[in-house]
Every structure is written in structure tokens, then in C-alpha cells.
file protein.pdb (PDB, C-alpha atoms)
ATOM      1  CA  MET A   1       0.000   0.000   0.000
ATOM      2  CA  SER A   2       1.325   3.412  -0.970
ATOM      3  CA  PHE A   3       1.099   6.615   0.991
ATOM      4  CA  ASP A   4      -1.144   9.415  -0.270
ATOM      5  CA  PRO A   5       0.716  11.970  -2.399
ATOM      6  CA  PRO A   6       1.696  15.412  -1.101
ATOM      7  CA  LEU A   7      -0.885  18.170  -1.554
ATOM      8  CA  GLN A   8      -0.163  20.585  -4.381
ATOM      9  CA  LYS A   9      -0.744  23.753  -2.381
ATOM     10  CA  LYS A  10       2.145  24.345   0.000
ATOM     11  CA  ALA A  11      -0.010  25.896   2.730
ATOM     12  CA  GLU A  12      -2.358  22.880   2.651
ATOM     13  CA  GLN A  13       0.564  20.444   2.847
ATOM     14  CA  ASP A  14       1.834  22.416   5.866
ATOM     15  CA  GLU A  15      -1.470  22.204   7.739
ATOM     16  CA  THR A  16      -3.040  18.896   6.741
ATOM     17  CA  THR A  17      -3.594  16.258   9.385
ATOM     18  CA  GLU A  18      -3.186  13.573   6.726
ATOM     19  CA  LEU A  19       0.113  11.770   6.364
ATOM     20  CA  ARG A  20       1.358  12.686   2.883
ATOM     21  CA  PRO A  21       5.121  12.175   2.891
ATOM     22  CA  LYS A  22       7.104  13.850   0.149
ATOM     23  CA  PHE A  23       9.800  11.465  -1.084
ATOM     24  CA  ASN A  24      12.636  12.890  -3.176
ATOM     25  CA  ALA A  25      13.623  11.871  -6.712
ATOM     26  CA  ASP A  26      15.337   8.794  -5.251
ATOM     27  CA  GLY A  27      12.163   7.881  -3.335
ATOM     28  CA  LEU A  28      13.687   8.884   0.011
ATOM     29  CA  ILE A  29      12.861  11.062   2.998
ATOM     30  CA  ALA A  30      15.392  12.233   5.603
ATOM     31  CA  ALA A  31      15.040  10.757   9.094
ATOM     32  CA  ILE A  32      16.631  12.195  12.238
ATOM     33  CA  ALA A  33      16.926   9.924  15.275
ATOM     34  CA  GLN A  34      16.882  11.729  18.623
ATOM     35  CA  ASP A  35      17.272  10.240  22.093
ATOM     36  CA  ALA A  36      13.766  10.407  23.603
ATOM     37  CA  ASP A  37      15.113  11.075  27.085
ATOM     38  CA  THR A  38      18.065  13.441  26.601
ATOM     39  CA  ASN A  39      17.100  14.967  23.206
ATOM     40  CA  GLU A  40      20.625  14.207  21.958
ATOM     41  CA  ILE A  41      20.757  13.771  18.163
ATOM     42  CA  LEU A  42      21.963  10.279  17.393
ATOM     43  CA  MET A  43      22.060  10.040  13.600
ATOM     44  CA  LEU A  44      20.594  11.167  10.308
ATOM     45  CA  ALA A  45      19.580   8.476   7.837
ATOM     46  CA  TRP A  46      17.143   7.871   4.986
ATOM     47  CA  MET A  47      13.853   6.079   4.585
ATOM     48  CA  ASN A  48      11.996   4.898   1.525
ATOM     49  CA  GLU A  49       8.267   4.099   1.667
ATOM     50  CA  ASP A  50       8.897   0.578   2.951
ATOM     51  CA  ALA A  51      11.217   1.798   5.694
ATOM     52  CA  LEU A  52       8.756   4.431   6.916
ATOM     53  CA  ARG A  53       5.936   1.922   6.862
ATOM     54  CA  ALA A  54       8.018  -0.695   8.703
ATOM     55  CA  THR A  55       9.033   1.849  11.345
ATOM     56  CA  MET A  56       5.370   2.759  11.891
ATOM     57  CA  GLU A  57       4.205  -0.850  11.986
ATOM     58  CA  THR A  58       6.960  -2.407  14.074
ATOM     59  CA  GLY A  59       8.057   0.504  16.303
ATOM     60  CA  ARG A  60      11.667  -0.320  15.397
ATOM     61  CA  GLY A  61      13.839   2.230  13.620
ATOM     62  CA  THR A  62      14.082   1.013  10.019
ATOM     63  CA  TYR A  63      15.877   2.835   7.234
ATOM     64  CA  TRP A  64      17.010   2.509   3.644
ATOM     65  CA  SER A  65      20.716   1.859   3.289
ATOM     66  CA  ARG A  66      21.890   3.906   0.329
ATOM     67  CA  SER A  67      25.268   2.125   0.273
ATOM     68  CA  ARG A  68      23.750  -1.361   0.336
ATOM     69  CA  GLN A  69      20.532  -0.383  -1.490
ATOM     70  CA  ALA A  70      18.556  -2.478   0.963
ATOM     71  CA  LEU A  71      16.094  -2.116   3.803
ATOM     72  CA  TRP A  72      18.047  -1.696   7.034
ATOM     73  CA  ILE A  73      16.450  -2.672  10.316
ATOM     74  CA  LYS A  74      18.680  -0.727  12.690
ATOM     75  CA  GLY A  75      20.498  -3.129  15.007
ATOM     76  CA  GLU A  76      19.541  -6.268  13.120
ATOM     77  CA  THR A  77      23.186  -7.340  12.944
ATOM     78  CA  SER A  78      24.781  -5.123  15.645
ATOM     79  CA  GLY A  79      22.050  -5.513  18.260
ATOM     80  CA  HIS A  80      22.003  -1.705  18.542
ATOM     81  CA  THR A  81      18.266  -1.410  18.026
ATOM     82  CA  GLN A  82      16.041   1.634  18.244
ATOM     83  CA  ASP A  83      12.678   1.508  19.987
ATOM     84  CA  VAL A  84      10.621   4.287  18.474
ATOM     85  CA  VAL A  85       8.653   6.322  21.001
ATOM     86  CA  GLU A  86       7.321   9.029  18.670
ATOM     87  CA  ILE A  87       7.478   9.955  14.983
ATOM     88  CA  LEU A  88       7.163  13.617  14.038
ATOM     89  CA  ILE A  89       7.019  14.996  10.504
ATOM     90  CA  ASP A  90       7.954  18.462   9.315
ATOM     91  CA  CYS A  91       5.950  21.196   7.607
ATOM     92  CA  ASP A  92       6.318  20.032   3.994
ATOM     93  CA  GLN A  93       6.503  16.377   5.072
ATOM     94  CA  ASP A  94       9.909  15.666   3.533
ATOM     95  CA  SER A  95      11.662  14.775   6.779
ATOM     96  CA  VAL A  96      10.785  12.854   9.894
ATOM     97  CA  LEU A  97      12.090  12.982  13.427
ATOM     98  CA  LEU A  98      12.141   9.751  15.427
ATOM     99  CA  LYS A  99      12.293   9.949  19.201
ATOM    100  CA  VAL A 100      13.935   6.696  20.175
ATOM    101  CA  ARG A 101      15.337   4.616  22.979
ATOM    102  CA  GLN A 102      18.674   3.459  21.588
ATOM    103  CA  THR A 103      20.354   0.234  22.686
ATOM    104  CA  GLY A 104      24.151   0.561  22.449
ATOM    105  CA  GLY A 105      25.701   3.126  20.135
ATOM    106  CA  ALA A 106      23.659   4.552  17.261
ATOM    107  CA  CYS A 107      26.819   5.137  15.219
ATOM    108  CA  HIS A 108      28.529   2.307  13.315
ATOM    109  CA  THR A 109      31.821   3.505  14.848
ATOM    110  CA  GLY A 110      30.467   2.365  18.227
ATOM    111  CA  ARG A 111      29.833   5.874  19.498
ATOM    112  CA  LYS A 112      26.494   6.863  20.942
ATOM    113  CA  SER A 113      25.934   9.570  18.330
ATOM    114  CA  CYS A 114      27.266  10.018  14.787
ATOM    115  CA  PHE A 115      27.851  13.716  15.551
ATOM    116  CA  TYR A 116      31.063  13.269  17.583
ATOM    117  CA  ARG A 117      33.164  15.904  15.818
ATOM    118  CA  GLN A 118      32.829  19.652  16.052
ATOM    119  CA  ILE A 119      33.965  21.979  13.269
ATOM    120  CA  ASP A 120      36.372  24.737  14.286
ATOM    121  CA  PRO A 121      35.293  27.477  11.870
ATOM    122  CA  GLU A 122      38.665  29.268  12.139
ATOM    123  CA  THR A 123      40.966  26.378  11.331
ATOM    124  CA  GLN A 124      38.489  24.076   9.512
ATOM    125  CA  GLN A 125      39.786  21.292  11.712
ATOM    126  CA  LEU A 126      37.517  18.942  13.623
ATOM    127  CA  TRP A 127      37.572  18.396  17.353
ATOM    128  CA  LYS A 128      36.621  14.940  18.497
ATOM    129  CA  ASP A 129      34.645  14.154  21.620
TER     130      ASP A 129
ATOM    131  CA  MET B 130      37.964  28.138  -2.112
ATOM    132  CA  SER B 131      36.687  24.572  -2.141
ATOM    133  CA  PHE B 132      36.617  22.095   0.687
ATOM    134  CA  ASP B 133      38.942  19.101   0.604
ATOM    135  CA  PRO B 134      37.293  15.976  -0.855
ATOM    136  CA  PRO B 135      36.115  13.063   1.300
ATOM    137  CA  LEU B 136      38.681  10.360   1.997
ATOM    138  CA  GLN B 137      38.247   7.173  -0.028
ATOM    139  CA  LYS B 138      38.550   4.773   2.890
ATOM    140  CA  LYS B 139      35.389   4.886   4.977
ATOM    141  CA  ALA B 140      37.181   4.272   8.288
ATOM    142  CA  GLU B 141      39.569   7.161   7.579
ATOM    143  CA  GLN B 142      36.698   9.499   6.693
ATOM    144  CA  ASP B 143      35.049   8.502   9.988
ATOM    145  CA  GLU B 144      38.107   9.351  12.078
ATOM    146  CA  THR B 145      39.860  12.205  10.316
ATOM    147  CA  THR B 146      40.148  15.541  12.099
ATOM    148  CA  GLU B 147      40.093  17.288   8.720
ATOM    149  CA  LEU B 148      36.885  18.831   7.443
ATOM    150  CA  ARG B 149      36.030  16.879   4.285
ATOM    151  CA  PRO B 150      32.297  17.301   3.706
ATOM    152  CA  LYS B 151      30.624  14.841   1.378
ATOM    153  CA  PHE B 152      28.128  16.690  -0.808
ATOM    154  CA  ASN B 153      25.530  14.653  -2.692
ATOM    155  CA  ALA B 154      24.977  14.535  -6.457
ATOM    156  CA  ASP B 155      23.155  17.885  -6.202
ATOM    157  CA  GLY B 156      26.108  19.371  -4.294
ATOM    158  CA  LEU B 157      24.186  19.415  -1.013
ATOM    159  CA  ILE B 158      24.622  18.259   2.564
ATOM    160  CA  ALA B 159      21.783  17.884   5.103
ATOM    161  CA  ALA B 160      21.758  20.344   8.000
ATOM    162  CA  ILE B 161      19.793  19.904  11.214
ATOM    163  CA  ALA B 162      19.188  22.977  13.369
ATOM    164  CA  GLN B 163      18.812  22.276  17.086
ATOM    165  CA  ASP B 164      18.057  24.736  19.879
ATOM    166  CA  ALA B 165      21.360  25.098  21.748
ATOM    167  CA  ASP B 166      19.612  25.505  25.096
ATOM    168  CA  THR B 167      16.693  23.043  25.007
ATOM    169  CA  ASN B 168      18.014  20.580  22.378
ATOM    170  CA  GLU B 169      14.664  20.846  20.562
ATOM    171  CA  ILE B 170      14.986  20.109  16.821
ATOM    172  CA  LEU B 171      13.942  23.187  14.906
ATOM    173  CA  MET B 172      14.287  22.263  11.223
ATOM    174  CA  LEU B 173      16.099  20.226   8.629
ATOM    175  CA  ALA B 174      17.426  22.067   5.603
ATOM    176  CA  TRP B 175      20.200  21.816   3.009
ATOM    177  CA  MET B 176      23.547  23.480   2.455
ATOM    178  CA  ASN B 177      25.772  23.706  -0.581
ATOM    179  CA  GLU B 178      29.468  24.580  -0.267
ATOM    180  CA  ASP B 179      28.761  28.318  -0.180
ATOM    181  CA  ALA B 180      26.102  27.925   2.516
ATOM    182  CA  LEU B 181      28.369  25.838   4.740
ATOM    183  CA  ARG B 182      31.231  28.267   4.268
ATOM    184  CA  ALA B 183      28.989  31.281   4.972
ATOM    185  CA  THR B 184      27.631  29.629   8.119
ATOM    186  CA  MET B 185      31.198  28.986   9.328
ATOM    187  CA  GLU B 186      32.407  32.484   8.467
ATOM    188  CA  THR B 187      29.452  34.550   9.661
ATOM    189  CA  GLY B 188      28.053  32.434  12.501
ATOM    190  CA  ARG B 189      24.584  32.887  10.990
ATOM    191  CA  GLY B 190      22.590  29.868   9.825
ATOM    192  CA  THR B 191      22.793  29.950   6.023
ATOM    193  CA  TYR B 192      21.289  27.319   3.737
ATOM    194  CA  TRP B 193      20.590  26.524   0.101
ATOM    195  CA  SER B 194      16.953  26.983  -0.848
ATOM    196  CA  ARG B 195      16.082  24.121  -3.165
ATOM    197  CA  SER B 196      12.781  25.754  -4.157
ATOM    198  CA  ARG B 197      14.334  29.122  -4.968
ATOM    199  CA  GLN B 198      17.715  27.681  -6.027
ATOM    200  CA  ALA B 199      19.445  30.442  -4.114
ATOM    201  CA  LEU B 200      21.558  31.005  -1.028
ATOM    202  CA  TRP B 201      19.238  31.562   1.922
ATOM    203  CA  ILE B 202      20.475  33.506   4.923
ATOM    204  CA  LYS B 203      17.942  32.333   7.490
ATOM    205  CA  GLY B 204      15.911  35.275   8.779
ATOM    206  CA  GLU B 205      17.135  37.727   6.135
ATOM    207  CA  THR B 206      13.553  38.626   5.231
ATOM    208  CA  SER B 207      11.621  37.287   8.265
ATOM    209  CA  GLY B 208      14.039  38.508  10.934
ATOM    210  CA  HIS B 209      13.993  34.968  12.359
ATOM    211  CA  THR B 210      17.749  34.606  12.386
ATOM    212  CA  GLN B 211      19.877  31.784  13.768
ATOM    213  CA  ASP B 212      23.015  32.508  15.769
ATOM    214  CA  VAL B 213      25.182  29.443  15.425
ATOM    215  CA  VAL B 214      26.812  28.296  18.648
ATOM    216  CA  GLU B 215      28.357  25.038  17.434
ATOM    217  CA  ILE B 216      28.605  23.040  14.198
ATOM    218  CA  LEU B 217      28.956  19.262  14.449
ATOM    219  CA  ILE B 218      29.492  16.882  11.539
ATOM    220  CA  ASP B 219      28.629  13.198  11.349
ATOM    221  CA  CYS B 220      30.775  10.110  10.789
ATOM    222  CA  ASP B 221      30.852  10.119   6.987
ATOM    223  CA  GLN B 222      30.601  13.934   6.879
ATOM    224  CA  ASP B 223      27.418  14.081   4.823
ATOM    225  CA  SER B 224      25.311  15.876   7.406
ATOM    226  CA  VAL B 225      25.862  18.665   9.875
ATOM    227  CA  LEU B 226      24.151  19.599  13.110
ATOM    228  CA  LEU B 227      23.923  23.274  14.017
ATOM    229  CA  LYS B 228      23.329  24.223  17.624
ATOM    230  CA  VAL B 229      21.662  27.594  17.371
ATOM    231  CA  ARG B 230      19.985  30.411  19.237
ATOM    232  CA  GLN B 231      16.858  31.011  17.198
ATOM    233  CA  THR B 232      15.109  34.394  17.065
ATOM    234  CA  GLY B 233      11.355  33.937  16.501
ATOM    235  CA  GLY B 234      10.046  30.758  14.898
ATOM    236  CA  ALA B 235      12.374  28.572  12.861
ATOM    237  CA  CYS B 236       9.463  27.344  10.730
ATOM    238  CA  HIS B 237       8.051  29.427   7.879
ATOM    239  CA  THR B 238       4.563  28.705   9.318
ATOM    240  CA  GLY B 239       5.535  30.845  12.329
ATOM    241  CA  ARG B 240       5.958  27.893  14.665
ATOM    242  CA  LYS B 241       9.094  27.439  16.716
ATOM    243  CA  SER B 242       9.902  24.080  15.113
ATOM    244  CA  CYS B 243       8.981  22.562  11.751
ATOM    245  CA  PHE B 244       8.246  19.264  13.529
ATOM    246  CA  TYR B 245       4.825  20.238  14.948
ATOM    247  CA  ARG B 246       2.901  17.164  13.828
ATOM    248  CA  GLN B 247       3.138  13.671  15.222
ATOM    249  CA  ILE B 248       2.282  10.584  13.157
ATOM    250  CA  ASP B 249      -0.268   8.235  14.672
ATOM    251  CA  PRO B 250       1.020   4.902  13.365
ATOM    252  CA  GLU B 251      -2.385   3.223  13.762
ATOM    253  CA  THR B 252      -4.524   5.689  11.835
ATOM    254  CA  GLN B 253      -1.813   7.362   9.733
ATOM    255  CA  GLN B 254      -3.294  10.672  10.809
ATOM    256  CA  LEU B 255      -1.219  13.534  12.173
ATOM    257  CA  TRP B 256      -1.696  15.179  15.538
ATOM    258  CA  LYS B 257      -0.811  18.850  15.687
ATOM    259  CA  ASP B 258       0.785  20.577  18.641
TER     260      ASP B 258
END
call {"tool": "encode", "arguments": {"input": "protein.pdb", "output": "C-alpha cells"}}
result
Amino acid sequence: MSFDPPLQKKAEQDETTELRPKFNADGLIAAIAQDADTNEILMLAWMNEDALRATMETGRGTYWSRSRQALWIKGETSGHTQDVVEILIDCDQDSVLLKVRQTGGACHTGRKSCFYRQIDPETQQLWKD
Amino acid sequence: MSFDPPLQKKAEQDETTELRPKFNADGLIAAIAQDADTNEILMLAWMNEDALRATMETGRGTYWSRSRQALWIKGETSGHTQDVVEILIDCDQDSVLLKVRQTGGACHTGRKSCFYRQIDPETQQLWKD
């Protein structure tokens, strides 16, 4: 089953209470995962229709792996699963925000968050946590 | 001046302390804006090289407007500017996280955050704040 298409009028898309996700030319929507308790940002990944539907149906963070071109149930191999507490969608419905309870690190490097480096704007070097 | 290219080896890109942003086929990188004080997610937008450089140089949230195909200094017309406190970059350097102090609403609808609707997974309807 497909999702309903986005509404043509921007203001209607912004205010509708119908789920009408706007997938990009590659059929993807951006998905931010945020720790439901601390509000820390854990990762940014991508979802296709199947991944969004699976996340809604199973309550487990599920994405589309662009590198593997395959559905990616987060933690399926690593055990670092995401229990989804809430799913929010933005004004034009082209990105979602998952509030999750993360088991283990969200990042494939083993870190809790993928955002472990800060840009020094002066030197363009990165500081690591 | 261009940024240095991403490193070929994934593990090196993950650990380097050099800024080597990975722009997509459209020359863009995803940018999350988060309230520096409350950690609330305000919006997700896009940056090209110029937008990232301008954000680093000016400390004002600057994006690429895909609809207008133009550099977009956040708040330039609305007054709803973003003072950037910190810029973080993720493991493969294809998304950035801005911690900001937001004046007025971050969303063009006037709301503080673009993520004002929650998906009800059962009914597929959206609840509004």
C-alpha cells in the first residue's frame, strides 16, 4: 500500500492532518533519530516508503541503506536497536524525526551519536569528543 | 575556495580531524538545526558549499533553498535569524548539526519548530501541537 501523495498547495501540505510524505527523486525522505530522554541527536539516515511503513508498523527504527541499497532494520546485525517512542514529521513532510530509545551506540563507529566531531570554523579542523 | 574531498577509505573518513564534507549529487549536505539551550529540533534544511562556508564564516545559519535555487540567509527577510553556537558533523561527513539560538520561529509557518505534527502509526493521521 502506498502513501497518499503530497498536496499541491504548499499551505495545505503544511497544515493537513493527513500523512502525505514527500519522497525525493530517489524515493527517500530524511530521518533524524533523537534520544527520547536526553534529546541528543543520534544520527541522520534515509527512509523509503517501505522503511517508513516498517518503522510505523513495528516501532523499530528502520531505514534505507543507500550504500547497500537495501532495507536496514537498525540493530539487526549489531544488536544496537532503536525503539521508536514518537514519529514527528515536518511542515512540507519531507523529513521525519524519530524519538527513540537506543540500545548501544547509534553510530557504526560504536559511538552513541554520529555527531562526535565539532567543526572549528577558524581552522576548519575537527575536534573529536 | 573549495573544501577538501572526502577520503576514499570509509574508516579514515570517519576518524579524520580534517573537514572533508561529502556533498551529494546535487552538491548538497543535510543540515539539522537544534536549539542550543533546550536541544529541541527546529528544522532540517540543506547546504551547498557556499552555505556551509557562509555559516562557518558569519556564525549565521545559512542554507541553500532548493525551491528558490538560491543562497538563503535564514531570517534575512523574516528577521527569524539563527546565531550558530556550534557546528557538528557526522561520521561520513554528509550531514551537519547546528546548535543555534533562534530568534522567533524557525518554521516558515511561524511555529518554533517545523516538527509540529506527530504521526499516529495506527490511523496514519497527524496530531498537531
call {"tool": "atom_distance", "arguments": {"input": "protein.pdb", "atom1": "CA of Arg246 in chain B", "atom2": "CA of Val96 in chain A"}}
result
9.8 Å
call {"tool": "closest_residue", "arguments": {"input": "protein.pdb", "among": "B:Asp179, B:Asp223, B:Asp212, B:Glu141", "to": "Gln163 in chain B", "atoms": "all atoms listed in the file"}}
result
B:Asp212
call {"tool": "resolve_selection", "arguments": {"input": "protein.pdb", "expression": "the ChimeraX specification (/A :<7) & /B", "output": "ChimeraX atom specification"}}
result
/B:146-148,168-169,185-186,216-220,243-248,250,253-256
call {"tool": "atom_distance", "arguments": {"input": "protein.pdb", "atom1": "CA of Ser65 in chain A", "atom2": "CA of Pro6 in chain A"}}
result
23.8 Å
call {"tool": "atom_distance", "arguments": {"input": "protein.pdb", "atom1": "CA of Ile158 in chain B", "atom2": "CA of Ala51 in chain A"}}
result
21.5 Å
call {"tool": "resolve_selection", "arguments": {"input": "protein.pdb", "expression": "the PyMOL selection byres ((chain A and resi 69) around 12)", "output": "list of chain:residue names"}}
result
A:Asp26, A:Gly27, A:Leu28, A:Trp46, A:Met47, A:Asn48, A:Ala51, A:Tyr63, A:Trp64, A:Ser65, A:Arg66, A:Ser67, A:Arg68, A:Ala70, A:Leu71, A:Trp72
call {"tool": "residues_around", "arguments": {"input": "protein.pdb", "residues": "Arg60 in chain A", "least_positions_apart": "4", "cutoff": "9 Å", "atoms": "all atoms listed in the file", "output": "list in words"}}
result
Ala54, Thr55, Met56, Ile73, Lys74, Thr81, Gln82, Asp83, Val84 and Val100 of chain A
call {"tool": "write_last_selection", "arguments": {"input": "protein.pdb", "atoms": "C-alpha atoms", "output": "tab-separated table (two decimals), keeping the file's coordinate frame"}}
result
chain	number	residue	atom	x	y	z
A	54	ALA	CA	8.02	-0.70	8.70
A	55	THR	CA	9.03	1.85	11.34
A	56	MET	CA	5.37	2.76	11.89
A	73	ILE	CA	16.45	-2.67	10.32
A	74	LYS	CA	18.68	-0.73	12.69
A	81	THR	CA	18.27	-1.41	18.03
A	82	GLN	CA	16.04	1.63	18.24
A	83	ASP	CA	12.68	1.51	19.99
A	84	VAL	CA	10.62	4.29	18.47
A	100	VAL	CA	13.94	6.70	20.18
call {"tool": "axis_aligned_box", "arguments": {"input": "protein.pdb", "around": "range 75-90 of chain A", "padding_each_side": "3 Å", "output": "AutoDock Vina command-line options"}}
result
--center_x 15.9 --center_y 5.6 --center_z 15.2 --size_x 23.8 --size_y 31.8 --size_z 17.7
call {"tool": "residues_around", "arguments": {"input": "protein.pdb", "residues": "Gly233 in chain B", "least_positions_apart": "5", "cutoff": "9 Å", "atoms": "all atoms listed in the file", "output": "PyMOL selection string"}}
result
chain B and resi 207-210+239-241
call {"tool": "build_atoms", "arguments": {"input": "protein.pdb", "residues": "range 65-94 of chain A", "atoms": "N, CA and C atoms", "output": "short mmCIF file (atom, residue, chain, number, x, y, z; two decimals), in the frame of the given file"}}
result
data_model
loop_
_atom_site.label_atom_id
_atom_site.label_comp_id
_atom_site.auth_asym_id
_atom_site.auth_seq_id
_atom_site.Cartn_x
_atom_site.Cartn_y
_atom_site.Cartn_z
N SER A 65 19.27 1.71 3.40
CA SER A 65 20.72 1.86 3.29
C SER A 65 21.05 2.24 1.86
N ARG A 66 21.54 3.47 1.69
CA ARG A 66 21.89 3.91 0.33
C ARG A 66 23.12 3.16 -0.19
N SER A 67 24.06 2.83 0.73
CA SER A 67 25.27 2.12 0.27
C SER A 67 24.94 0.68 -0.12
N ARG A 68 24.08 0.04 0.64
CA ARG A 68 23.75 -1.36 0.34
C ARG A 68 22.51 -1.49 -0.54
N GLN A 69 21.78 -0.37 -0.72
CA GLN A 69 20.53 -0.38 -1.49
C GLN A 69 19.61 -1.49 -0.98
N ALA A 70 19.38 -1.44 0.32
CA ALA A 70 18.56 -2.48 0.96
C ALA A 70 17.89 -1.90 2.20
N LEU A 71 16.76 -2.50 2.57
CA LEU A 71 16.09 -2.12 3.80
C LEU A 71 17.03 -2.45 4.97
N TRP A 72 17.07 -1.57 5.96
CA TRP A 72 18.05 -1.70 7.03
C TRP A 72 17.31 -1.55 8.35
N ILE A 73 17.05 -2.69 8.98
CA ILE A 73 16.45 -2.67 10.32
C ILE A 73 17.58 -2.38 11.29
N LYS A 74 17.58 -1.18 11.84
CA LYS A 74 18.68 -0.73 12.69
C LYS A 74 18.91 -1.73 13.82
N GLY A 75 20.15 -2.20 13.93
CA GLY A 75 20.50 -3.13 15.01
C GLY A 75 20.29 -4.59 14.67
N GLU A 76 19.83 -4.88 13.48
CA GLU A 76 19.54 -6.27 13.12
C GLU A 76 20.81 -7.13 13.22
N THR A 77 21.94 -6.58 12.80
CA THR A 77 23.19 -7.34 12.94
C THR A 77 23.97 -6.92 14.19
N SER A 78 23.97 -5.62 14.51
CA SER A 78 24.78 -5.12 15.64
C SER A 78 24.11 -5.31 17.00
N GLY A 79 22.79 -5.49 16.99
CA GLY A 79 22.05 -5.51 18.26
C GLY A 79 21.72 -4.12 18.77
N HIS A 80 22.21 -3.09 18.09
CA HIS A 80 22.00 -1.70 18.54
C HIS A 80 20.68 -1.17 18.00
N THR A 81 19.61 -1.71 18.53
CA THR A 81 18.27 -1.41 18.03
C THR A 81 17.75 -0.07 18.53
N GLN A 82 16.71 0.39 17.85
CA GLN A 82 16.04 1.63 18.24
C GLN A 82 14.56 1.36 18.48
N ASP A 83 14.11 1.55 19.70
CA ASP A 83 12.68 1.51 19.99
C ASP A 83 12.12 2.90 19.75
N VAL A 84 11.15 2.98 18.87
CA VAL A 84 10.62 4.29 18.47
C VAL A 84 9.48 4.68 19.40
N VAL A 85 9.64 5.83 20.04
CA VAL A 85 8.65 6.32 21.00
C VAL A 85 7.65 7.24 20.30
N GLU A 86 8.15 8.03 19.36
CA GLU A 86 7.32 9.03 18.67
C GLU A 86 7.89 9.27 17.29
N ILE A 87 7.02 9.54 16.32
CA ILE A 87 7.48 9.96 14.98
C ILE A 87 6.83 11.29 14.66
N LEU A 88 7.66 12.29 14.43
CA LEU A 88 7.16 13.62 14.04
C LEU A 88 7.52 13.85 12.58
N ILE A 89 6.73 14.69 11.91
CA ILE A 89 7.02 15.00 10.50
C ILE A 89 7.01 16.51 10.33
N ASP A 90 7.81 17.00 9.40
CA ASP A 90 7.95 18.46 9.32
C ASP A 90 6.91 19.09 8.39
N CYS A 91 6.99 20.41 8.27
CA CYS A 91 5.95 21.20 7.61
C CYS A 91 5.62 20.67 6.21
N ASP A 92 6.62 20.51 5.35
CA ASP A 92 6.32 20.03 3.99
C ASP A 92 6.37 18.51 3.87
N GLN A 93 6.54 17.84 4.99
CA GLN A 93 6.50 16.38 5.07
C GLN A 93 7.60 15.71 4.23
N ASP A 94 8.79 16.35 4.20
CA ASP A 94 9.91 15.67 3.53
C ASP A 94 11.02 15.27 4.51
#
